[in-house]
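Down below is the structure, laid out as structure tokens.
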Amino acid sequence: MEDERITDEGLIEQVKRFDAILRRLRKECPWDRVQTWESLRTNTIEEVYELTQALADEEPEEVRKELGDVFLHVAFYALIAEERGRFGLKDVISALCDKLVFRHPHVFGDPNGEKCEKMGTADEVLKTWEKIKLKEKDGNKTVLGGVPRELPAMIKAYRIQGKVKGVGFDWPDAAGAWDKLREEEAEFKAETVNGDKDKMEEEMGDLLFSVINLARTYNINPENALERTNRKFTSRFNYIERKAKENGRQLTEMTLEEMDELWEEAKKK
């Protein structure tokens with residue numbers, strides 16, 4: 001089969017075509033003309049979620065389309081900034097290139113000419129990643145300063161833990177994570193006896209944080225793991241509902257034992 005990968009010349013041609021289309025839409029389309037950073041923000045969040053859904057579904061054609069939508073938003077933000085005399089897409093790409101080179105001295109060499117140790121594993125790279133990032137902006141960055149406030153809580157917890165690990169604040173092995181999980185479980189159980197809802201919420205947060213930490217210790221992304229369980233649960237519950245309808249039953253009329261029997265059937269299927 002003929003290699004259909006785009007050539008460098010083809011890529012440049014398509015980027016130029018895209019840029020011309022976007023600029024024309026910005027001038028001639030009533031909707032595109034009035035968009036701002038703020039008006040596009042929620043749409044961008046939606047597009048990113050659609051991309052993550054396509055990735056989770058492992059649908060290459062959908063991933064391709066959603067990548068295009070996300071890229072459109074990136075370029076649109078840059079075009080609006082260009083109109084305000086701030087920066088353009090070229091500046092975005094240039095800064096990204098500089099950052100990638102700076103953060104990968106094991107690939108491109110140290111910019112100051114210092115000897116850089118080669119790294120053979122992804123874990124070795126991660127151990128130095130945060131240290132390298134802290135060197136940026138004359139050392140004014142904080143370890144957790146780059147974690148977006150608006151991230152969903154589970155993803156945010158995972159990112160926080162990963163960042164502090166990069167500077168050495170982490171359990172030396174999984175045993176510490178297991179011990180912390182058991183400790184938080186006991187503290188939550190104690191608060192359920194006391195019945196203080198505020199304290200229970202606080203301890204549940206600690207418990208969830210420790211579960212996420214345990215997952216990270218085993219190189220498991222908790223977001224992916226939970227989504228996998230969500231899909232599994234949905235599939236099995238849909239089976240129960242479908243079987244109930246086939247038998248002329250309503251779920252509300254069924255006993256827990258009857259539903260559990262169908263649940264076990266779904267697990268076998």
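A note on labels: chains of the structure tokens are A, B, ... as shown, every chain counts residues from 1, and ligands are counted from 1 in their shown order.
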Excluding region 80-82 of chain A and its own-chain neighbours fewer than 5 positions away, which residues fall within 12 Å of it when counting only C-alpha atoms? Please give them as an mmCIF file with N, CA and C atoms, in the first residue's frame.
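File produced: out.cif:
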```cif
data_model
loop_
_atom_site.group_PDB
_atom_site.id
_atom_site.type_symbol
_atom_site.label_atom_id
_atom_site.label_comp_id
_atom_site.auth_asym_id
_atom_site.auth_seq_id
_atom_site.Cartn_x
_atom_site.Cartn_y
_atom_site.Cartn_z
ATOM 1 N N LEU A 22 -9.049 30.311 8.279
ATOM 2 C CA LEU A 22 -9.377 30.847 9.598
ATOM 3 C C LEU A 22 -9.439 32.371 9.570
ATOM 4 N N ARG A 23 -8.487 32.989 8.883
ATOM 5 C CA ARG A 23 -8.461 34.454 8.802
ATOM 6 C C ARG A 23 -9.676 34.985 8.033
ATOM 7 N N ARG A 26 -12.712 34.723 10.256
ATOM 8 C CA ARG A 26 -12.659 35.755 11.290
ATOM 9 C C ARG A 26 -13.193 37.091 10.761
ATOM 10 N N LYS A 27 -12.988 37.359 9.486
ATOM 11 C CA LYS A 27 -13.429 38.624 8.895
ATOM 12 C C LYS A 27 -14.861 38.560 8.368
ATOM 13 N N ASP A 32 -17.844 33.842 13.887
ATOM 14 C CA ASP A 32 -16.403 33.826 14.156
ATOM 15 C C ASP A 32 -15.874 35.223 14.466
ATOM 16 N N ARG A 33 -16.472 36.227 13.855
ATOM 17 C CA ARG A 33 -15.974 37.590 13.997
ATOM 18 C C ARG A 33 -16.099 38.117 15.423
ATOM 19 N N VAL A 34 -17.106 37.654 16.156
ATOM 20 C CA VAL A 34 -17.357 38.221 17.492
ATOM 21 C C VAL A 34 -16.782 37.378 18.628
ATOM 22 N N GLN A 35 -16.110 36.279 18.300
ATOM 23 C CA GLN A 35 -15.594 35.408 19.364
ATOM 24 C C GLN A 35 -14.418 36.045 20.094
ATOM 25 N N THR A 36 -14.318 35.717 21.387
ATOM 26 C CA THR A 36 -13.219 36.182 22.242
ATOM 27 C C THR A 36 -12.633 34.986 22.972
ATOM 28 N N TRP A 37 -11.545 35.207 23.690
ATOM 29 C CA TRP A 37 -10.972 34.135 24.507
ATOM 30 C C TRP A 37 -12.031 33.584 25.453
ATOM 31 N N GLU A 38 -12.763 34.482 26.100
ATOM 32 C CA GLU A 38 -13.735 34.052 27.102
ATOM 33 C C GLU A 38 -14.896 33.298 26.467
ATOM 34 N N SER A 39 -15.378 33.757 25.317
ATOM 35 C CA SER A 39 -16.528 33.096 24.699
ATOM 36 C C SER A 39 -16.182 31.703 24.190
ATOM 37 N N LEU A 40 -14.913 31.491 23.846
ATOM 38 C CA LEU A 40 -14.482 30.195 23.306
ATOM 39 C C LEU A 40 -14.098 29.195 24.395
ATOM 40 N N HIS A 73 -9.091 25.474 17.905
ATOM 41 C CA HIS A 73 -9.201 26.367 19.050
ATOM 42 C C HIS A 73 -7.853 26.974 19.406
ATOM 43 N N VAL A 74 -6.805 26.182 19.340
ATOM 44 C CA VAL A 74 -5.464 26.704 19.621
ATOM 45 C C VAL A 74 -5.138 27.843 18.665
ATOM 46 N N ALA A 75 -5.373 27.612 17.374
ATOM 47 C CA ALA A 75 -5.073 28.627 16.365
ATOM 48 C C ALA A 75 -5.972 29.848 16.509
ATOM 49 N N PHE A 87 0.645 38.233 20.512
ATOM 50 C CA PHE A 87 1.472 37.167 19.952
ATOM 51 C C PHE A 87 0.657 36.466 18.876
ATOM 52 N N GLY A 88 1.334 35.639 18.077
ATOM 53 C CA GLY A 88 0.654 34.879 17.046
ATOM 54 C C GLY A 88 0.971 33.399 17.168
ATOM 55 N N LEU A 89 0.418 32.610 16.260
ATOM 56 C CA LEU A 89 0.639 31.167 16.298
ATOM 57 C C LEU A 89 2.122 30.834 16.162
ATOM 58 N N LYS A 90 2.837 31.610 15.354
ATOM 59 C CA LYS A 90 4.279 31.378 15.195
ATOM 60 C C LYS A 90 4.993 31.518 16.536
ATOM 61 N N ASP A 91 4.583 32.498 17.329
ATOM 62 C CA ASP A 91 5.201 32.708 18.641
ATOM 63 C C ASP A 91 4.873 31.560 19.591
ATOM 64 N N VAL A 92 3.656 31.041 19.483
ATOM 65 C CA VAL A 92 3.256 29.903 20.307
ATOM 66 C C VAL A 92 4.141 28.698 20.006
#
```
Quick one: pick out all helix (DSSP H, G or I) residues within region 11-134 of chain A from a backbone DSSP run and write them as JSON, numbers by chain. {"A": [11, 12, 13, 14, 15, 16, 17, 18, 19, 20, 21, 22, 23, 24, 25, 26, 27, 28, 30, 31, 32, 33, 37, 38, 39, 40, 41, 42, 43, 44, 45, 46, 47, 48, 49, 50, 51, 52, 53, 54, 55, 56, 57, 60, 61, 62, 63, 64, 65, 66, 67, 68, 69, 70, 71, 72, 73, 74, 75, 76, 77, 78, 79, 80, 81, 82, 83, 89, 90, 91, 92, 93, 94, 95, 96, 97, 98, 99, 100, 101, 102, 103, 105, 106, 107, 108, 122, 123, 124, 125, 126, 127, 128, 129, 130, 131, 132, 133, 134]}
Among the residues A:Pro105, A:Gly146, A:Gly166, A:Pro30, the one that comes closest to Lys118 (chain A) [using only C-alpha atoms]: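 Looking at the shortest contact to Lys118 (chain A), the residue is A:Pro105.
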Counting only C-alpha atoms, which residue out of A:Ile220, A:Met254, A:Asn238, A:Glu50 sits closest to Val63 (chain A)?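 Answer, going by the shortest atom-to-atom distance: A:Glu50.
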Any idea what's packed within 12 Å of Glu265 (chain A), counting only C-alpha atoms, ignoring anything in its chain fewer than 3 positions away? Could you give it as a list in words? Ser235, Arg236, Phe237, Asn238, Tyr239, Ile240, Lys243, Glu258, Met259, Asp260, Glu261, Leu262, Lys268 and Lys269 of chain A
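Residues lying within 12 Å of region 177-185 of chain A, counting only C-alpha atoms and ignoring same-chain neighbours fewer than 3 positions away, are A:Gln161, A:Asp170, A:Trp171, A:Pro172, A:Asp173, A:Ala174, A:Phe188, A:Lys189, A:Ala190, A:Glu191, A:Thr192, A:Met200, A:Glu202, A:Glu203, A:Met204, A:Gly205, A:Asp206, A:Leu207, A:Leu208, A:Phe209, A:Ser210, A:Val211, A:Ile212, A:Asn213, A:Leu214, A:Ala215, A:Arg216, A:Thr217, A:Tyr218.
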Distance in Å - CA of Ala54 (chain A) versus CA of Glu66 (chain A): 7.6 Å
As an exercise, work out the distance from CA of Gly176 (chain A) to CA of Thr229 (chain A) in Å and give it to one decimal place.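 These two atoms are separated by 25.6 Å.
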Applying 8 Å and only C-alpha atoms, which residues near region 153-155 of chain A remain after dropping the ones on its own chain fewer than 4 positions away? List them as a list in words. Arg159, Ile212, Pro222 and Glu223 of chain A
Store the residues picked out above, limited to N, CA and C atoms, as a PDB file, in the first residue's frame.
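Okay, this is what ended up in out-v2.pdb:
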```pdb
ATOM      1  N   ARG A 159      -2.185  14.882  39.312  1.00  0.00           N
ATOM      2  CA  ARG A 159      -1.137  15.790  38.849  1.00  0.00           C
ATOM      3  C   ARG A 159      -0.321  16.332  40.024  1.00  0.00           C
ATOM      4  N   ILE A 212      -5.881   7.395  45.100  1.00  0.00           N
ATOM      5  CA  ILE A 212      -5.248   7.903  43.881  1.00  0.00           C
ATOM      6  C   ILE A 212      -3.738   7.749  43.982  1.00  0.00           C
ATOM      7  N   PRO A 222      -5.615   6.743  37.667  1.00  0.00           N
ATOM      8  CA  PRO A 222      -6.903   6.477  38.306  1.00  0.00           C
ATOM      9  C   PRO A 222      -8.093   6.940  37.476  1.00  0.00           C
ATOM     10  N   GLU A 223      -7.911   7.986  36.689  1.00  0.00           N
ATOM     11  CA  GLU A 223      -8.994   8.461  35.825  1.00  0.00           C
ATOM     12  C   GLU A 223      -9.356   7.386  34.806  1.00  0.00           C
TER      13      GLU A 223
END
```
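Of note, CA of Pro60 (chain A) and CA of His104 (chain A) are spaced 28.9 Å apart.
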